[in-house]
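Accompanying notes for the structure given below.
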Amino acid sequence: MSTSRMQRITPADPARPARILVVDDDVHLAATLIRLLTHEGYEVVRAANGSEALELLDGGPFDAALVDVVMPGIKGPELLPLAIAKQPSLQIIMMSGSGTIDVAVRTLRGGATDFIEKPVDRARLLRAVQRAVATSQLDSTTALYRSSQTIFDAQHFERLPEAIVNVALQVMAADTASLLLPGTDGRLYVANTSGRGAEVRNDTRITVGEGIAGRVAASGKPTIINGSASEVSDSSGAAPHTHVESSIVYPLMSGSRLVGIITFDRLTKAQPYIQRDIEQASVLASQVLLALENLRLSRQTAISEKLAAIGQLAAGIAHELNTPIQFVGDGLHFLGDSLGALLSLVAAYQRLAKECESRLGRTDAFAEVEALEAEIDVLDLRQEIPKALQQTGDGIARVTSIVRSIKTFGRPDSADKEPTDLIKLVEATLTVARGEYKYFADAETHFGDMPLLPAHRGELGQVLLNLIVNASHAIADKAAAESSPLRGKITVRGWCTDTDVFLSIEDTGSGIPAEIQQKIFEPFFTTKRVGRGTGLGLSIARGIVVDKHGGELTVKSELGVGTCFSIRIPSAQPNARDE
């Protein structure tokens, strides 16, 4: 990539001198102060009066300022509140040739850090400047940490990228900012951006190693771009019409692993980013990295805790329900046998009554028996009692199946993969998820010969549950949008080859728009309202299939027709310890 004469791309150097502003109309004294402070390693800028000082403060940050009390135009005490309003962390040391206690007290109360009498004592001045610089940098860092803490206040993980960008705009005094994260294809996508159009977020994909942001991602070193940065189309995903004049591209690295990139842009030449801004960007980046890594670990922990909780719940349910269910089932079986015998006895009594009536003639006793038979409808009871027993038995079997499914689904995973019957796992998952789809859809399964698959059964069950719940939501949304009484269908298929095992979950729901089909596996992407679903994002589902089982999770969808998620897992799985 060639750069224009106006453009300057600088690898960031975290070491930088403190900046001191000298505000004094005395040319000779100002020159003496500049030589002294420059010799001590400070970067010094001079303003001849208060108006020049305010212009310089607009152009960039300073750590400390040496301000003369008596100057033409804006006097030193008048400059104090104006300068502090522009840069709250600026430490101001007042200087006066007619220093009195009254003047010193008045300036210190006005916000000055220190007061020095002229002629200036060299050692006294250097000590004051050192204290002022240390205080300024500490205040800036403290304020930065305080601002960046709002990142951790995001209540839902989907809102974290937006919180990061908003804090970046504030902390780095940026006009636009963007957070880029690695996508499922290995390229960087824009997780959130401010100050740019939606097309930037939707269309930008940056390959690691290509373009400025891509090279920063590959090198892991932050970069400053000054000049006409918008002339470089791949600088940070900026559209040419944004006219970016100064940028920082900062990689978020966890060891050697790229977690993301955060960019800061200024659209005017008045205040370009300089090396010292890298320190602020570094502090902010550390907070962003911590938030992203905490989120990743907390989601993984939440899944593990959820699986453990389900396992404990399943064990408790099995313990509490199995025994009474056994009692009810045994009692029902006994009632069925006994009622069958009693009905046979009743039939024999009826035959005996008919025979006695034919021999003895009709009596009041026979009339009473006939009336009682008509009242209780013996014939109807003989037909309905077996049906009721059958239905009750089916209900008991259903409860037993649910308990068994929850126990199968929720059993905690061990550290190693274990042989898993995918057919039983699918059936158990459909049983557990039935409450989500039973009002909108029917579920059916089609399986070929399925071998036992070495797998983390609990986590794989969570993936299936997430996909089935998503399918039921898609069907429900379509039914609501079309006001259709027709029921949808969820179809789960399983088959295998010599090397792989396949599962597909297909629904007749509303479908996924083509432009977002590849985004649904990206972290933080969701089309659901907060609180809906299982809480297991498709990005983590994909991680379970790809990272923990070496497989693939893909999607095909057509709007208005439906969606099919496909899982492929190699039938030969390495042990967790081997991984």
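Chains: A, B, ... in order of the structure tokens. Residues: from 1 per chain. Ligands: from 1, in order shown.
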
Non-local contacts of region 81-95 of chain A (6 Å; only C-alpha atoms; under 2 positions in same chain excluded) as number ranges by chain = A: 63-69, 79, 112-117, 132, 136, 139-140

All alpha helix (DSSP H) residues (DSSP, backbone) inside region 323-456 of chain A, as a PyMOL selection string = chain A and resi 323-360+364-376+378-410+422-437

Which polymer residues have any atom within 12 Å of an atom of Leu335 (chain A), counting only C-alpha atoms, with same-chain residues fewer than 6 positions away left out, as a PyMOL selection string?
-> chain A and resi 328-329+341-343+385-386+388-390+392-393

Can you list, as number ranges by chain, every protein, DNA or RNA residue that comes within 9 Å of Ser246 (chain A) when you count only C-alpha atoms, leaving out same-chain residues fewer than 2 positions away?
-> A: 224-230, 244, 248, 264-269, 271-273

Selection export as a tab-separated table (two decimals), in the first residue's frame, atoms kept: all heavy atoms:
chain	number	residue	atom	x	y	z
A	224	ILE	N	-0.39	4.71	14.93
A	224	ILE	CA	-1.00	6.02	14.75
A	224	ILE	C	-0.96	6.36	13.26
A	224	ILE	O	0.06	6.18	12.60
A	224	ILE	CB	-0.26	7.10	15.55
A	224	ILE	CG1	-0.39	6.84	17.05
A	224	ILE	CG2	-0.81	8.48	15.22
A	224	ILE	CD1	0.40	7.82	17.89
A	225	ILE	N	-2.06	6.86	12.74
A	225	ILE	CA	-2.13	7.30	11.35
A	225	ILE	C	-2.50	8.78	11.37
A	225	ILE	O	-3.59	9.14	11.83
A	225	ILE	CB	-3.18	6.53	10.54
A	225	ILE	CG1	-2.96	5.02	10.69
A	225	ILE	CG2	-3.16	6.94	9.08
A	225	ILE	CD1	-4.10	4.20	10.14
A	226	ASN	N	-1.60	9.65	10.90
A	226	ASN	CA	-1.88	11.08	10.81
A	226	ASN	C	-1.82	11.52	9.36
A	226	ASN	O	-1.03	11.01	8.57
A	226	ASN	CB	-0.88	11.88	11.64
A	226	ASN	CG	-1.24	11.87	13.12
A	226	ASN	OD1	-2.41	11.77	13.48
A	226	ASN	ND2	-0.23	11.93	13.98
A	227	GLY	N	-2.66	12.46	9.04
A	227	GLY	CA	-2.77	12.91	7.67
A	227	GLY	C	-4.12	12.53	7.12
A	227	GLY	O	-5.08	12.34	7.85
A	228	SER	N	-4.19	12.38	5.81
A	228	SER	CA	-5.47	12.07	5.17
A	228	SER	C	-5.73	10.58	5.25
A	228	SER	O	-5.63	9.84	4.27
A	228	SER	CB	-5.46	12.53	3.71
A	228	SER	OG	-6.73	12.35	3.12
A	229	ALA	N	-6.08	10.12	6.45
A	229	ALA	CA	-6.23	8.67	6.67
A	229	ALA	C	-7.37	8.10	5.86
A	229	ALA	O	-7.37	6.92	5.52
A	229	ALA	CB	-6.47	8.42	8.16
A	230	SER	N	-8.36	8.92	5.51
A	230	SER	CA	-9.51	8.40	4.76
A	230	SER	C	-9.16	8.01	3.34
A	230	SER	O	-9.94	7.35	2.66
A	230	SER	CB	-10.63	9.44	4.74
A	230	SER	OG	-10.18	10.63	4.13
A	244	VAL	N	-11.33	11.09	7.59
A	244	VAL	CA	-10.57	10.90	8.82
A	244	VAL	C	-9.18	11.50	8.65
A	244	VAL	O	-8.49	11.24	7.68
A	244	VAL	CB	-10.47	9.39	9.15
A	244	VAL	CG1	-9.58	9.18	10.36
A	244	VAL	CG2	-11.85	8.82	9.39
A	248	ILE	N	-5.97	6.08	15.61
A	248	ILE	CA	-5.17	5.09	16.34
A	248	ILE	C	-5.82	3.73	16.10
A	248	ILE	O	-7.04	3.59	16.26
A	248	ILE	CB	-5.12	5.39	17.85
A	248	ILE	CG1	-4.31	6.65	18.12
A	248	ILE	CG2	-4.50	4.22	18.61
A	248	ILE	CD1	-4.25	7.05	19.59
A	264	PHE	N	-9.77	4.52	16.92
A	264	PHE	CA	-10.23	5.85	17.31
A	264	PHE	C	-9.89	6.81	16.17
A	264	PHE	O	-8.75	6.79	15.68
A	264	PHE	CB	-9.54	6.33	18.60
A	264	PHE	CG	-9.37	5.25	19.63
A	264	PHE	CD1	-8.18	4.54	19.73
A	264	PHE	CD2	-10.39	4.93	20.50
A	264	PHE	CE1	-8.00	3.54	20.67
A	264	PHE	CE2	-10.23	3.93	21.46
A	264	PHE	CZ	-9.04	3.24	21.54
A	265	ASP	N	-10.82	7.65	15.78
A	265	ASP	CA	-10.60	8.55	14.65
A	265	ASP	C	-11.00	9.98	15.01
A	265	ASP	O	-11.99	10.20	15.73
A	265	ASP	CB	-11.42	8.12	13.43
A	265	ASP	CG	-11.15	6.68	13.04
A	265	ASP	OD1	-9.98	6.31	12.93
A	265	ASP	OD2	-12.13	5.93	12.85
A	266	ARG	N	-10.22	10.94	14.50
A	266	ARG	CA	-10.57	12.35	14.57
A	266	ARG	C	-10.69	12.89	13.15
A	266	ARG	O	-9.85	12.56	12.29
A	266	ARG	CB	-9.53	13.14	15.37
A	266	ARG	CG	-9.58	12.81	16.87
A	266	ARG	CD	-8.47	13.50	17.64
A	266	ARG	NE	-8.57	13.19	19.07
A	266	ARG	CZ	-7.63	13.46	19.95
A	266	ARG	NH1	-6.50	14.05	19.57
A	266	ARG	NH2	-7.80	13.15	21.24
A	267	LEU	N	-11.69	13.70	12.93
A	267	LEU	CA	-12.03	14.11	11.57
A	267	LEU	C	-11.43	15.46	11.18
A	267	LEU	O	-11.59	15.90	10.05
A	267	LEU	CB	-13.56	14.17	11.41
A	267	LEU	CG	-14.31	12.89	11.81
A	267	LEU	CD1	-15.79	13.03	11.50
A	267	LEU	CD2	-13.74	11.66	11.11
A	268	THR	N	-10.75	16.15	12.12
A	268	THR	CA	-10.16	17.45	11.82
A	268	THR	C	-8.66	17.42	12.06
A	268	THR	O	-8.14	16.56	12.79
A	268	THR	CB	-10.78	18.55	12.70
A	268	THR	OG1	-10.46	18.30	14.06
A	268	THR	CG2	-12.30	18.58	12.53
A	269	LYS	N	-7.95	18.39	11.46
A	269	LYS	CA	-6.50	18.47	11.61
A	269	LYS	C	-6.09	19.21	12.88
A	269	LYS	O	-4.91	19.24	13.22
A	269	LYS	CB	-5.90	19.20	10.40
A	269	LYS	CG	-6.15	18.50	9.08
A	269	LYS	CD	-5.56	19.31	7.93
A	269	LYS	CE	-5.82	18.64	6.59
A	269	LYS	NZ	-5.27	19.42	5.46
A	271	GLN	N	-6.43	18.67	16.05
A	271	GLN	CA	-5.93	17.94	17.21
A	271	GLN	C	-5.59	16.51	16.82
A	271	GLN	O	-6.29	15.56	17.15
A	271	GLN	CB	-6.98	17.95	18.34
A	271	GLN	CG	-6.43	17.51	19.68
A	271	GLN	CD	-7.45	17.68	20.79
A	271	GLN	OE1	-8.50	18.27	20.58
A	271	GLN	NE2	-7.15	17.16	21.96
A	272	PRO	N	-4.47	16.30	16.10
A	272	PRO	CA	-4.10	14.95	15.69
A	272	PRO	C	-3.64	14.13	16.88
A	272	PRO	O	-3.18	14.67	17.89
A	272	PRO	CB	-2.95	15.19	14.70
A	272	PRO	CG	-2.35	16.47	15.17
A	272	PRO	CD	-3.48	17.31	15.67
A	273	TYR	N	-3.77	12.84	16.75
A	273	TYR	CA	-3.27	11.96	17.81
A	273	TYR	C	-1.75	12.00	17.81
A	273	TYR	O	-1.10	12.04	16.75
A	273	TYR	CB	-3.75	10.53	17.60
A	273	TYR	CG	-5.19	10.30	17.99
A	273	TYR	CD1	-6.14	9.93	17.05
A	273	TYR	CD2	-5.61	10.47	19.30
A	273	TYR	CE1	-7.47	9.72	17.41
A	273	TYR	CE2	-6.92	10.27	19.68
A	273	TYR	CZ	-7.84	9.91	18.72
A	273	TYR	OH	-9.15	9.71	19.09

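For the residues A:Leu467, A:Ile540, A:Ile569, A:Val546, ranking by smallest atom-to-atom distance to Cys496 (chain A) using only C-alpha atoms places A:Ile569 first.
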
Would you kindly return, as a PyMOL selection string, each protein, DNA or RNA residue with an atom no farther than 7 Å from any atom of Ala18 (chain A), considering only C-alpha atoms and excluding same-chain residues fewer than 2 positions away?
-> chain A and resi 16+20+42-43+63+133

From a DSSP calculation on the backbone, collect every residue of region 370-518 of chain A in strand (DSSP E or B) and output the set as a ChimeraX atom specification.
-> /A:418-420,441-447,453-455,488-496,500-507

Residues at most 12 Å from Glu436 (chain A), counting only C-alpha atoms, excluding those fewer than 4 positions away in the same chain, as a PyMOL selection string?
-> chain A and resi 429-432+440-443+465-476+490+532-534

Using only C-alpha atoms, find the one residue out of A:Thr204, A:Ser358, A:Gln517, A:Thr223 that sits nearest to Glu558 (chain A).
->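 Of the candidates, the smallest distance to Glu558 (chain A) is held by A:Gln517.
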
Close residues, Asp498 (chain A) itself excluded, 12 Å, only C-alpha atoms, min 3 positions apart in chain, as a list in words = Asp449, Met450, Pro451, Trp495, Val501, Phe502, Ile569, Pro570, Ser571 and Ala572 of chain A
